[in-house]
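So this one's data_22.cif, mmCIF, C-alpha atoms:
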data_entry
loop_
_atom_site.group_PDB
_atom_site.id
_atom_site.type_symbol
_atom_site.label_atom_id
_atom_site.label_comp_id
_atom_site.auth_asym_id
_atom_site.auth_seq_id
_atom_site.Cartn_x
_atom_site.Cartn_y
_atom_site.Cartn_z
ATOM 1 C CA MET A 11 11.544 25.273 20.616
ATOM 2 C CA LYS A 12 8.156 24.572 22.221
ATOM 3 C CA THR A 13 5.273 22.974 20.326
ATOM 4 C CA LYS A 14 1.877 21.437 20.998
ATOM 5 C CA CYS A 15 2.702 18.473 18.777
ATOM 6 C CA LEU A 16 6.065 17.134 17.648
ATOM 7 C CA ILE A 17 6.068 14.602 14.808
ATOM 8 C CA ILE A 18 9.169 12.476 14.292
ATOM 9 C CA GLY A 19 9.540 11.026 10.815
ATOM 10 C CA SER A 20 8.522 12.064 7.323
ATOM 11 C CA GLY A 21 7.019 9.076 5.553
ATOM 12 C CA PRO A 22 3.316 8.710 4.694
ATOM 13 C CA ALA A 23 2.457 8.426 8.407
ATOM 14 C CA GLY A 24 4.436 11.497 9.464
ATOM 15 C CA TYR A 25 3.238 13.793 6.687
ATOM 16 C CA THR A 26 -0.391 12.691 7.078
ATOM 17 C CA ALA A 27 -0.187 13.235 10.834
ATOM 18 C CA ALA A 28 1.205 16.709 10.104
ATOM 19 C CA ILE A 29 -1.679 17.540 7.747
ATOM 20 C CA TYR A 30 -4.278 16.598 10.352
ATOM 21 C CA ALA A 31 -2.420 18.135 13.284
ATOM 22 C CA SER A 32 -1.994 21.402 11.377
ATOM 23 C CA ARG A 33 -5.684 21.567 10.513
ATOM 24 C CA ALA A 34 -6.444 20.985 14.199
ATOM 25 C CA ASN A 35 -4.363 24.058 15.113
ATOM 26 C CA LEU A 36 -1.762 22.007 16.975
ATOM 27 C CA GLU A 37 0.924 23.972 15.103
ATOM 28 C CA PRO A 38 3.031 20.821 14.650
ATOM 29 C CA VAL A 39 6.768 20.642 14.199
ATOM 30 C CA LEU A 40 7.894 17.738 12.025
ATOM 31 C CA ILE A 41 11.459 16.424 12.178
ATOM 32 C CA GLU A 42 12.246 14.893 8.800
ATOM 33 C CA GLY A 43 15.236 12.727 9.682
ATOM 34 C CA TYR A 44 18.089 11.730 7.397
ATOM 35 C CA GLN A 45 15.786 10.288 4.715
ATOM 36 C CA PRO A 46 12.977 12.803 4.067
ATOM 37 C CA GLY A 47 10.032 10.928 2.631
ATOM 38 C CA GLY A 48 11.016 7.557 4.089
ATOM 39 C CA GLN A 49 11.239 4.241 2.257
ATOM 40 C CA LEU A 50 9.025 5.308 -0.633
ATOM 41 C CA THR A 51 11.781 7.592 -1.875
ATOM 42 C CA THR A 52 13.782 4.461 -2.721
ATOM 43 C CA THR A 53 10.874 3.058 -4.751
ATOM 44 C CA GLY A 54 10.273 3.762 -8.413
ATOM 45 C CA GLU A 55 6.676 3.703 -9.560
ATOM 46 C CA VAL A 56 3.958 3.363 -6.882
ATOM 47 C CA GLU A 57 0.718 1.986 -8.306
ATOM 48 C CA ASN A 58 -1.260 1.013 -5.209
ATOM 49 C CA PHE A 59 -1.658 4.378 -3.453
ATOM 50 C CA PRO A 60 -5.220 5.730 -3.862
ATOM 51 C CA GLY A 61 -5.716 8.804 -6.001
ATOM 52 C CA TYR A 62 -3.058 8.075 -8.623
ATOM 53 C CA PRO A 63 -4.812 5.990 -11.299
ATOM 54 C CA GLN A 64 -1.750 6.015 -13.570
ATOM 55 C CA GLY A 65 0.708 5.374 -10.735
ATOM 56 C CA VAL A 66 3.152 7.881 -9.294
ATOM 57 C CA ASP A 67 6.878 8.079 -8.671
ATOM 58 C CA GLY A 68 7.658 7.448 -4.992
ATOM 59 C CA ASN A 69 9.595 10.688 -4.630
ATOM 60 C CA MET A 70 6.787 12.661 -6.260
ATOM 61 C CA LEU A 71 4.187 11.093 -3.972
ATOM 62 C CA MET A 72 6.140 12.033 -0.860
ATOM 63 C CA ASP A 73 6.797 15.519 -2.228
ATOM 64 C CA ASP A 74 3.043 15.963 -2.746
ATOM 65 C CA LEU A 75 2.369 14.940 0.853
ATOM 66 C CA ARG A 76 5.120 17.252 2.100
ATOM 67 C CA LYS A 77 3.719 20.209 0.161
ATOM 68 C CA GLN A 78 0.260 19.515 1.564
ATOM 69 C CA ALA A 79 1.626 19.500 5.118
ATOM 70 C CA LEU A 80 3.451 22.774 4.461
ATOM 71 C CA ARG A 81 0.308 24.316 2.983
ATOM 72 C CA PHE A 82 -1.493 23.905 6.289
ATOM 73 C CA GLY A 83 1.379 25.363 8.297
ATOM 74 C CA THR A 84 3.537 22.452 9.422
ATOM 75 C CA ASN A 85 6.968 23.593 10.622
ATOM 76 C CA ILE A 86 9.346 21.101 8.988
ATOM 77 C CA GLN A 87 12.798 20.833 10.549
ATOM 78 C CA ASN A 88 15.881 18.886 9.532
ATOM 79 C CA GLY A 89 17.625 16.640 12.006
ATOM 80 C CA GLN A 90 17.719 13.216 13.584
ATOM 81 C CA VAL A 91 16.438 12.516 17.098
ATOM 82 C CA THR A 92 19.310 11.453 19.343
ATOM 83 C CA LYS A 93 17.726 11.605 22.806
ATOM 84 C CA VAL A 94 14.259 11.792 24.343
ATOM 85 C CA ASP A 95 12.809 12.247 27.810
ATOM 86 C CA PHE A 96 9.244 10.996 28.077
ATOM 87 C CA SER A 97 9.286 10.857 31.897
ATOM 88 C CA LYS A 98 7.277 14.077 32.238
ATOM 89 C CA ARG A 99 5.316 16.595 30.189
ATOM 90 C CA PRO A 100 6.190 18.621 28.304
ATOM 91 C CA PHE A 101 8.325 15.976 26.664
ATOM 92 C CA THR A 102 11.899 16.841 25.736
ATOM 93 C CA LEU A 103 13.534 15.695 22.514
ATOM 94 C CA THR A 104 17.034 16.449 21.291
ATOM 95 C CA THR A 105 18.218 16.233 17.701
ATOM 96 C CA ASP A 106 21.668 16.760 16.251
ATOM 97 C CA THR A 107 20.721 20.401 15.640
ATOM 98 C CA ALA A 108 18.194 21.513 18.301
ATOM 99 C CA THR A 109 16.182 20.713 21.447
ATOM 100 C CA TYR A 110 12.376 20.634 21.499
ATOM 101 C CA GLU A 111 9.634 20.601 24.122
ATOM 102 C CA ALA A 112 6.295 19.097 23.139
ATOM 103 C CA ASP A 113 2.909 18.576 24.778
ATOM 104 C CA THR A 114 2.291 15.586 22.511
ATOM 105 C CA VAL A 115 4.573 13.442 20.358
ATOM 106 C CA ILE A 116 3.852 11.284 17.320
ATOM 107 C CA ILE A 117 6.553 8.727 16.493
ATOM 108 C CA SER A 118 6.481 7.821 12.800
ATOM 109 C CA THR A 119 10.064 6.785 12.177
ATOM 110 C CA GLY A 120 9.188 3.737 10.086
ATOM 111 C CA ALA A 121 11.069 0.476 9.719
ATOM 112 C CA THR A 122 14.127 -0.467 7.711
ATOM 113 C CA ALA A 123 14.040 -3.509 5.442
ATOM 114 C CA ARG A 124 16.827 -5.986 6.009
ATOM 115 C CA TYR A 125 19.142 -6.605 3.092
ATOM 116 C CA LEU A 126 21.786 -9.202 2.363
ATOM 117 C CA GLY A 127 24.630 -6.702 2.507
ATOM 118 C CA LEU A 128 25.751 -7.151 -1.095
ATOM 119 C CA ASP A 129 27.135 -4.177 -2.994
ATOM 120 C CA ASP A 130 24.994 -5.266 -5.934
ATOM 121 C CA GLU A 131 21.801 -4.656 -3.939
ATOM 122 C CA GLN A 132 22.363 -0.915 -4.011
ATOM 123 C CA LYS A 133 23.409 -1.015 -7.654
ATOM 124 C CA TYR A 134 20.099 -2.575 -8.701
ATOM 125 C CA MET A 135 17.832 -0.873 -6.171
ATOM 126 C CA GLY A 136 14.738 0.123 -8.120
ATOM 127 C CA MET A 137 16.234 -1.641 -11.142
ATOM 128 C CA GLY A 138 15.353 -5.177 -10.102
ATOM 129 C CA VAL A 139 15.867 -5.291 -6.328
ATOM 130 C CA SER A 140 12.922 -4.664 -4.004
ATOM 131 C CA ALA A 141 11.868 -5.345 -0.429
ATOM 132 C CA CYS A 142 8.128 -5.307 -1.149
ATOM 133 C CA ALA A 143 6.442 -7.730 -3.546
ATOM 134 C CA VAL A 144 3.010 -6.164 -3.036
ATOM 135 C CA CYS A 145 4.449 -2.740 -3.918
ATOM 136 C CA ASP A 146 6.544 -3.699 -6.927
ATOM 137 C CA GLY A 147 5.419 -7.132 -8.098
ATOM 138 C CA PHE A 148 3.179 -5.730 -10.813
ATOM 139 C CA PHE A 149 6.216 -4.498 -12.749
ATOM 140 C CA TYR A 150 7.443 -8.089 -13.156
ATOM 141 C CA ARG A 151 4.314 -9.514 -14.739
ATOM 142 C CA ASP A 152 5.168 -12.580 -16.851
ATOM 143 C CA LYS A 153 8.829 -12.344 -15.857
ATOM 144 C CA ILE A 154 11.135 -14.518 -13.738
ATOM 145 C CA VAL A 155 11.786 -13.409 -10.165
ATOM 146 C CA ALA A 156 13.320 -14.695 -6.933
ATOM 147 C CA VAL A 157 12.374 -14.228 -3.290
ATOM 148 C CA VAL A 158 14.949 -14.548 -0.510
ATOM 149 C CA GLY A 159 13.727 -15.912 2.819
ATOM 150 C CA GLY A 160 12.148 -18.938 4.419
ATOM 151 C CA GLY A 161 9.514 -17.566 6.785
ATOM 152 C CA ASP A 162 5.832 -16.772 6.396
ATOM 153 C CA SER A 163 6.529 -13.407 4.756
ATOM 154 C CA ALA A 164 8.794 -14.951 2.139
ATOM 155 C CA CYS A 165 6.296 -17.706 1.379
ATOM 156 C CA GLU A 166 3.453 -15.198 1.153
ATOM 157 C CA GLU A 167 5.439 -13.033 -1.245
ATOM 158 C CA ALA A 168 6.442 -16.018 -3.383
ATOM 159 C CA THR A 169 2.815 -17.155 -3.552
ATOM 160 C CA TYR A 170 1.647 -13.647 -4.420
ATOM 161 C CA LEU A 171 4.255 -13.297 -7.155
ATOM 162 C CA SER A 172 3.381 -16.708 -8.605
ATOM 163 C CA GLY A 173 0.021 -15.252 -9.609
ATOM 164 C CA ILE A 174 1.757 -12.495 -11.572
ATOM 165 C CA CYS A 175 5.099 -13.843 -12.763
ATOM 166 C CA LYS A 176 6.115 -16.610 -15.127
ATOM 167 C CA LYS A 177 8.378 -18.309 -12.593
ATOM 168 C CA VAL A 178 9.403 -17.719 -8.971
ATOM 169 C CA TYR A 179 12.510 -18.993 -7.199
ATOM 170 C CA LEU A 180 12.379 -19.090 -3.398
ATOM 171 C CA ILE A 181 15.952 -18.962 -2.104
ATOM 172 C CA VAL A 182 16.272 -20.452 1.390
ATOM 173 C CA ARG A 183 19.584 -20.618 3.248
ATOM 174 C CA LYS A 184 18.528 -23.565 5.411
ATOM 175 C CA ASP A 185 17.319 -27.004 4.385
ATOM 176 C CA TYR A 186 13.776 -26.283 5.542
ATOM 177 C CA LEU A 187 11.122 -23.566 5.540
ATOM 178 C CA ARG A 188 10.409 -21.724 8.799
ATOM 179 C CA ALA A 189 6.925 -20.777 7.626
ATOM 180 C CA SER A 190 3.724 -22.237 9.021
ATOM 181 C CA LYS A 191 2.663 -25.632 7.676
ATOM 182 C CA VAL A 192 -0.137 -24.063 5.659
ATOM 183 C CA MET A 193 2.218 -21.620 3.952
ATOM 184 C CA GLN A 194 4.797 -24.339 3.333
ATOM 185 C CA ARG A 195 2.183 -26.465 1.609
ATOM 186 C CA ARG A 196 1.056 -23.599 -0.591
ATOM 187 C CA VAL A 197 4.606 -23.010 -1.746
ATOM 188 C CA LEU A 198 5.644 -26.618 -2.216
ATOM 189 C CA ASP A 199 2.446 -27.482 -4.103
ATOM 190 C CA ASN A 200 2.763 -24.476 -6.411
ATOM 191 C CA THR A 201 4.183 -25.564 -9.761
ATOM 192 C CA LYS A 202 5.357 -22.015 -10.560
ATOM 193 C CA ILE A 203 7.575 -21.860 -7.450
ATOM 194 C CA THR A 204 10.972 -23.595 -7.310
ATOM 195 C CA VAL A 205 12.504 -23.737 -3.829
ATOM 196 C CA LEU A 206 16.310 -23.611 -3.676
ATOM 197 C CA PHE A 207 17.234 -24.966 -0.234
ATOM 198 C CA ASN A 208 20.699 -24.583 1.349
ATOM 199 C CA SER A 209 21.296 -21.658 -0.986
ATOM 200 C CA ASN A 210 22.464 -18.042 -0.769
ATOM 201 C CA VAL A 211 22.678 -15.169 -3.196
ATOM 202 C CA ILE A 212 26.317 -14.068 -3.461
ATOM 203 C CA GLY A 213 26.000 -11.575 -6.299
ATOM 204 C CA LEU A 214 23.816 -10.067 -8.998
ATOM 205 C CA PHE A 215 24.450 -9.230 -12.626
ATOM 206 C CA GLY A 216 22.905 -7.377 -15.560
ATOM 207 C CA ASP A 217 23.335 -4.165 -17.536
ATOM 208 C CA PRO A 218 21.717 -1.774 -16.885
ATOM 209 C CA VAL A 219 18.934 -3.654 -15.076
ATOM 210 C CA LEU A 220 18.999 -6.936 -13.174
ATOM 211 C CA GLU A 221 19.325 -10.011 -15.358
ATOM 212 C CA GLY A 222 20.377 -12.733 -12.932
ATOM 213 C CA ALA A 223 21.814 -13.866 -9.603
ATOM 214 C CA HIS A 224 24.931 -15.773 -8.596
ATOM 215 C CA ILE A 225 23.967 -18.605 -6.231
ATOM 216 C CA ILE A 226 26.054 -20.732 -3.881
ATOM 217 C CA GLU A 227 24.580 -24.019 -2.662
ATOM 218 C CA TYR A 228 25.812 -25.995 0.351
ATOM 219 C CA ALA A 229 28.449 -23.369 1.089
ATOM 220 C CA GLY A 230 31.490 -24.643 2.965
ATOM 221 C CA THR A 231 30.695 -28.329 2.449
ATOM 222 C CA GLU A 232 31.854 -31.026 0.056
ATOM 223 C CA ARG A 233 28.646 -30.506 -1.891
ATOM 224 C CA GLU A 234 29.309 -26.797 -2.482
ATOM 225 C CA GLN A 235 28.520 -25.570 -5.950
ATOM 226 C CA LYS A 236 28.014 -22.206 -7.599
ATOM 227 C CA TYR A 237 25.697 -21.409 -10.465
ATOM 228 C CA ASP A 238 23.639 -18.587 -11.959
ATOM 229 C CA ILE A 239 19.897 -18.200 -12.340
ATOM 230 C CA PRO A 240 18.259 -15.797 -14.807
ATOM 231 C CA ILE A 241 15.910 -13.396 -12.972
ATOM 232 C CA ASN A 242 14.420 -9.994 -13.670
ATOM 233 C CA GLY A 243 13.578 -9.207 -10.069
ATOM 234 C CA LEU A 244 14.913 -10.048 -6.594
ATOM 235 C CA PHE A 245 12.640 -9.564 -3.583
ATOM 236 C CA LEU A 246 14.111 -9.519 -0.091
ATOM 237 C CA ALA A 247 11.746 -10.984 2.513
ATOM 238 C CA ILE A 248 14.061 -11.408 5.479
ATOM 239 C CA GLY A 249 12.294 -8.977 7.772
ATOM 240 C CA HIS A 250 12.200 -5.330 8.827
ATOM 241 C CA ASP A 251 13.805 -3.587 11.783
ATOM 242 C CA PRO A 252 11.614 -0.881 13.349
ATOM 243 C CA ASN A 253 13.347 2.448 13.913
ATOM 244 C CA SER A 254 12.288 2.560 17.564
ATOM 245 C CA LYS A 255 15.581 2.404 19.458
ATOM 246 C CA PRO A 256 15.676 6.055 20.657
ATOM 247 C CA PHE A 257 12.253 5.607 22.281
ATOM 248 C CA SER A 258 12.398 2.056 23.645
ATOM 249 C CA GLU A 259 13.497 3.176 27.116
ATOM 250 C CA TYR A 260 10.065 4.720 27.602
ATOM 251 C CA VAL A 261 7.482 3.176 25.268
ATOM 252 C CA ALA A 262 6.546 -0.500 25.293
ATOM 253 C CA THR A 263 7.685 -2.562 22.305
ATOM 254 C CA ASP A 264 7.131 -6.128 21.177
ATOM 255 C CA PRO A 265 10.016 -8.650 21.055
ATOM 256 C CA GLN A 266 10.936 -7.432 17.551
ATOM 257 C CA GLY A 267 11.124 -3.817 18.674
ATOM 258 C CA PHE A 268 7.870 -2.588 17.103
ATOM 259 C CA ILE A 269 6.138 0.010 19.283
ATOM 260 C CA ILE A 270 2.912 -1.322 20.767
ATOM 261 C CA ALA A 271 -0.130 0.834 20.021
ATOM 262 C CA ASN A 272 -2.978 0.680 22.531
ATOM 263 C CA GLY A 273 -6.124 -0.975 21.196
ATOM 264 C CA GLN A 274 -8.026 0.957 18.526
ATOM 265 C CA SER A 275 -5.967 4.120 19.007
ATOM 266 C CA GLN A 276 -2.362 4.932 18.194
ATOM 267 C CA ALA A 277 -1.567 5.598 21.858
ATOM 268 C CA THR A 278 1.618 4.099 23.272
ATOM 269 C CA SER A 279 2.286 3.098 26.881
ATOM 270 C CA VAL A 280 3.222 6.727 27.625
ATOM 271 C CA PRO A 281 0.187 9.075 27.811
ATOM 272 C CA GLY A 282 0.610 11.820 25.232
ATOM 273 C CA VAL A 283 2.995 9.827 23.039
ATOM 274 C CA PHE A 284 1.528 8.198 19.939
ATOM 275 C CA ALA A 285 2.965 5.987 17.195
ATOM 276 C CA ALA A 286 2.042 5.658 13.533
ATOM 277 C CA GLY A 287 3.225 3.823 10.455
ATOM 278 C CA ASP A 288 5.657 0.944 10.102
ATOM 279 C CA VAL A 289 7.377 1.601 13.450
ATOM 280 C CA CYS A 290 4.272 0.113 15.105
ATOM 281 C CA ASP A 291 3.084 -2.168 12.293
ATOM 282 C CA PRO A 292 4.798 -5.553 11.940
ATOM 283 C CA THR A 293 1.961 -6.878 9.762
ATOM 284 C CA TYR A 294 0.928 -4.683 6.825
ATOM 285 C CA GLN A 295 3.714 -2.172 6.149
ATOM 286 C CA GLN A 296 1.912 -0.441 3.295
ATOM 287 C CA ALA A 297 1.933 3.282 2.554
ATOM 288 C CA VAL A 298 -1.842 3.656 2.639
ATOM 289 C CA VAL A 299 -2.041 1.897 6.021
ATOM 290 C CA ALA A 300 0.740 4.117 7.365
ATOM 291 C CA ALA A 301 -1.063 7.233 6.162
ATOM 292 C CA ALA A 302 -4.285 6.113 7.837
ATOM 293 C CA SER A 303 -2.502 5.510 11.124
ATOM 294 C CA GLY A 304 -0.932 8.969 10.850
ATOM 295 C CA CYS A 305 -4.423 10.430 10.628
ATOM 296 C CA LYS A 306 -5.496 8.448 13.706
ATOM 297 C CA ALA A 307 -2.420 9.486 15.661
ATOM 298 C CA ALA A 308 -3.046 13.178 14.953
ATOM 299 C CA LEU A 309 -6.691 12.913 16.012
ATOM 300 C CA ASP A 310 -5.595 11.071 19.166
ATOM 301 C CA ALA A 311 -3.014 13.780 19.887
ATOM 302 C CA GLU A 312 -5.609 16.525 19.392
ATOM 303 C CA ARG A 313 -8.005 14.908 21.870
ATOM 304 C CA PHE A 314 -5.223 14.368 24.395
ATOM 305 C CA TYR A 315 -4.053 17.974 24.115
ATOM 306 C CA ILE A 316 -7.569 19.370 24.600
ATOM 307 C CA GLU A 317 -8.255 17.107 27.578
ATOM 308 C CA ASN A 318 -4.913 17.846 29.280
ATOM 309 C CA GLN A 319 -4.442 21.583 28.870
ATOM 310 C CA ALA A 320 -3.299 23.218 32.086
#

Is it possible to express this structure as structure tokens?
Amino acid sequence: MKTKCLIIGSGPAGYTAAIYASRANLEPVLIEGYQPGGQLTTTGEVENFPGYPQGVDGNMLMDDLRKQALRFGTNIQNGQVTKVDFSKRPFTLTTDTATYEADTVIISTGATARYLGLDDEQKYMGMGVSACAVCDGFFYRDKIVAVVGGGDSACEEATYLSGICKKVYLIVRKDYLRASKVMQRRVLDNTKITVLFNSNVIGLFGDPVLEGAHIIEYAGTEREQKYDIPINGLFLAIGHDPNSKPFSEYVATDPQGFIIANGQSQATSVPGVFAAGDVCDPTYQQAVVAAASGCKAALDAERFYIENQA
């Protein structure tokens, strides 16, 4: 299949790029991937996306964006990209179901939050377990929560939650915080935050929603002890892995694997290939930011296509 614009990924960035690319007559093809709608489909209520004053279910929000893309003529295809060739135009991309040629490409494959690997995490997903305090913290107002992690992100989330929640545990597997000195000070001086050093979460409990966590302290040493803490929410802040591996042979990435966008545009190191959303955003990782970058990527792709027509 040949297209002027191929969009890979179906989160806020991908669907927004599709809306703009369709309206620009680029006749885009969008490959949804194995998780149509992206990370927001694993989220319950979304209250910080503009235009929904009463909040909106994550699945409903993504379905609205999908319908809008379809309304303007986006060709949505199932499949997962397995191989790309960005060495020449038109670009060639292969999925598990088809092969595509594209004059421009927008990569919007997102990033995957890291989890602890506990079975209980999936059990309580959306019922107490979250990977985004800014997204879901509001639902735990005046409740007790815990944040897992010891870096800047974890400290930022713990500080943010301390302004909403009754009490915040920060669970750190080492005996120190990896965060910057400023962030460490904010956490350690905050009377609503209790830091549990040398500690790991080994299980969760509650019925039907999360009610607490099983903790092990000083695991494998003479000081090892296990105990429970009562919590209503558990926030994972141990990082995200960008879904950039299929493209990293061609496009430049940072040491973490996030695709590097060029300056004020969404252009990558390969002319005609653009990136949008969390796959190129190690900083914000918010749906509204992803949607905005999808808009930019589509406008960039339109300009590139016009300027490079044979």

Discussion item. Using all atoms listed in the file, which protein or nucleic acid residues come within 8 Å of Leu244 in chain A? Drop anything in the same chain fewer than 6 positions from it, and give the result as an NGL selection string.
Written reply: :A and (138-140 or 155-158)

Practice prompt. Taking the file above as input, evaluate the PyMOL selection byres ((chain A and resi 80) around 12) and report the hits as a PyMOL selection string.
Written response: chain A and resi 25-26+28-33+37-40+73-79+81-87

Range 99-152 of chain A residues near range 168-189 of chain A within 10 Å, closest pair each, using only C-alpha atoms, as a Markdown table:
| residue | atom | partner | partner_atom | distance |
| --- | --- | --- | --- | --- |
| A:Ala143 | CA | A:Leu171 | CA | 7.0 |
| A:Val144 | CA | A:Tyr170 | CA | 7.7 |
| A:Asp146 | CA | A:Leu171 | CA | 9.9 |
| A:Gly147 | CA | A:Leu171 | CA | 6.3 |
| A:Phe148 | CA | A:Ile174 | CA | 7.0 |
| A:Phe149 | CA | A:Ile174 | CA | 9.2 |
| A:Tyr150 | CA | A:Cys175 | CA | 6.2 |
| A:Arg151 | CA | A:Cys175 | CA | 4.8 |
| A:Asp152 | CA | A:Cys175 | CA | 4.3 |

Worksheet item: Near Asn69 in chain A, counting only C-alpha atoms, which residues have an atom at most 7 Å away, once you skip same-chain residues fewer than 2 positions from it, shown as a ChimeraX atom specification?
Response: /A:50-51,67,71-73

Give as a PDB file with C-alpha atoms, keeping the file's coordinate frame the set of residues within 9 Å of the point (10.5, 13.4, 11.4), where distances use the file's coordinates and only C-alpha atoms.
ATOM      1  CA  LEU A  16       6.065  17.134  17.648  1.00  0.00           C
ATOM      2  CA  ILE A  17       6.068  14.602  14.808  1.00  0.00           C
ATOM      3  CA  ILE A  18       9.169  12.476  14.292  1.00  0.00           C
ATOM      4  CA  GLY A  19       9.540  11.026  10.815  1.00  0.00           C
ATOM      5  CA  SER A  20       8.522  12.064   7.323  1.00  0.00           C
ATOM      6  CA  GLY A  21       7.019   9.076   5.553  1.00  0.00           C
ATOM      7  CA  GLY A  24       4.436  11.497   9.464  1.00  0.00           C
ATOM      8  CA  TYR A  25       3.238  13.793   6.687  1.00  0.00           C
ATOM      9  CA  VAL A  39       6.768  20.642  14.199  1.00  0.00           C
ATOM     10  CA  LEU A  40       7.894  17.738  12.025  1.00  0.00           C
ATOM     11  CA  ILE A  41      11.459  16.424  12.178  1.00  0.00           C
ATOM     12  CA  GLU A  42      12.246  14.893   8.800  1.00  0.00           C
ATOM     13  CA  GLY A  43      15.236  12.727   9.682  1.00  0.00           C
ATOM     14  CA  TYR A  44      18.089  11.730   7.397  1.00  0.00           C
ATOM     15  CA  PRO A  46      12.977  12.803   4.067  1.00  0.00           C
ATOM     16  CA  ILE A  86       9.346  21.101   8.988  1.00  0.00           C
ATOM     17  CA  GLN A  87      12.798  20.833  10.549  1.00  0.00           C
ATOM     18  CA  ASN A  88      15.881  18.886   9.532  1.00  0.00           C
ATOM     19  CA  GLY A  89      17.625  16.640  12.006  1.00  0.00           C
ATOM     20  CA  GLN A  90      17.719  13.216  13.584  1.00  0.00           C
ATOM     21  CA  VAL A  91      16.438  12.516  17.098  1.00  0.00           C
ATOM     22  CA  ILE A 117       6.553   8.727  16.493  1.00  0.00           C
ATOM     23  CA  SER A 118       6.481   7.821  12.800  1.00  0.00           C
ATOM     24  CA  THR A 119      10.064   6.785  12.177  1.00  0.00           C
TER      25      THR A 119
END
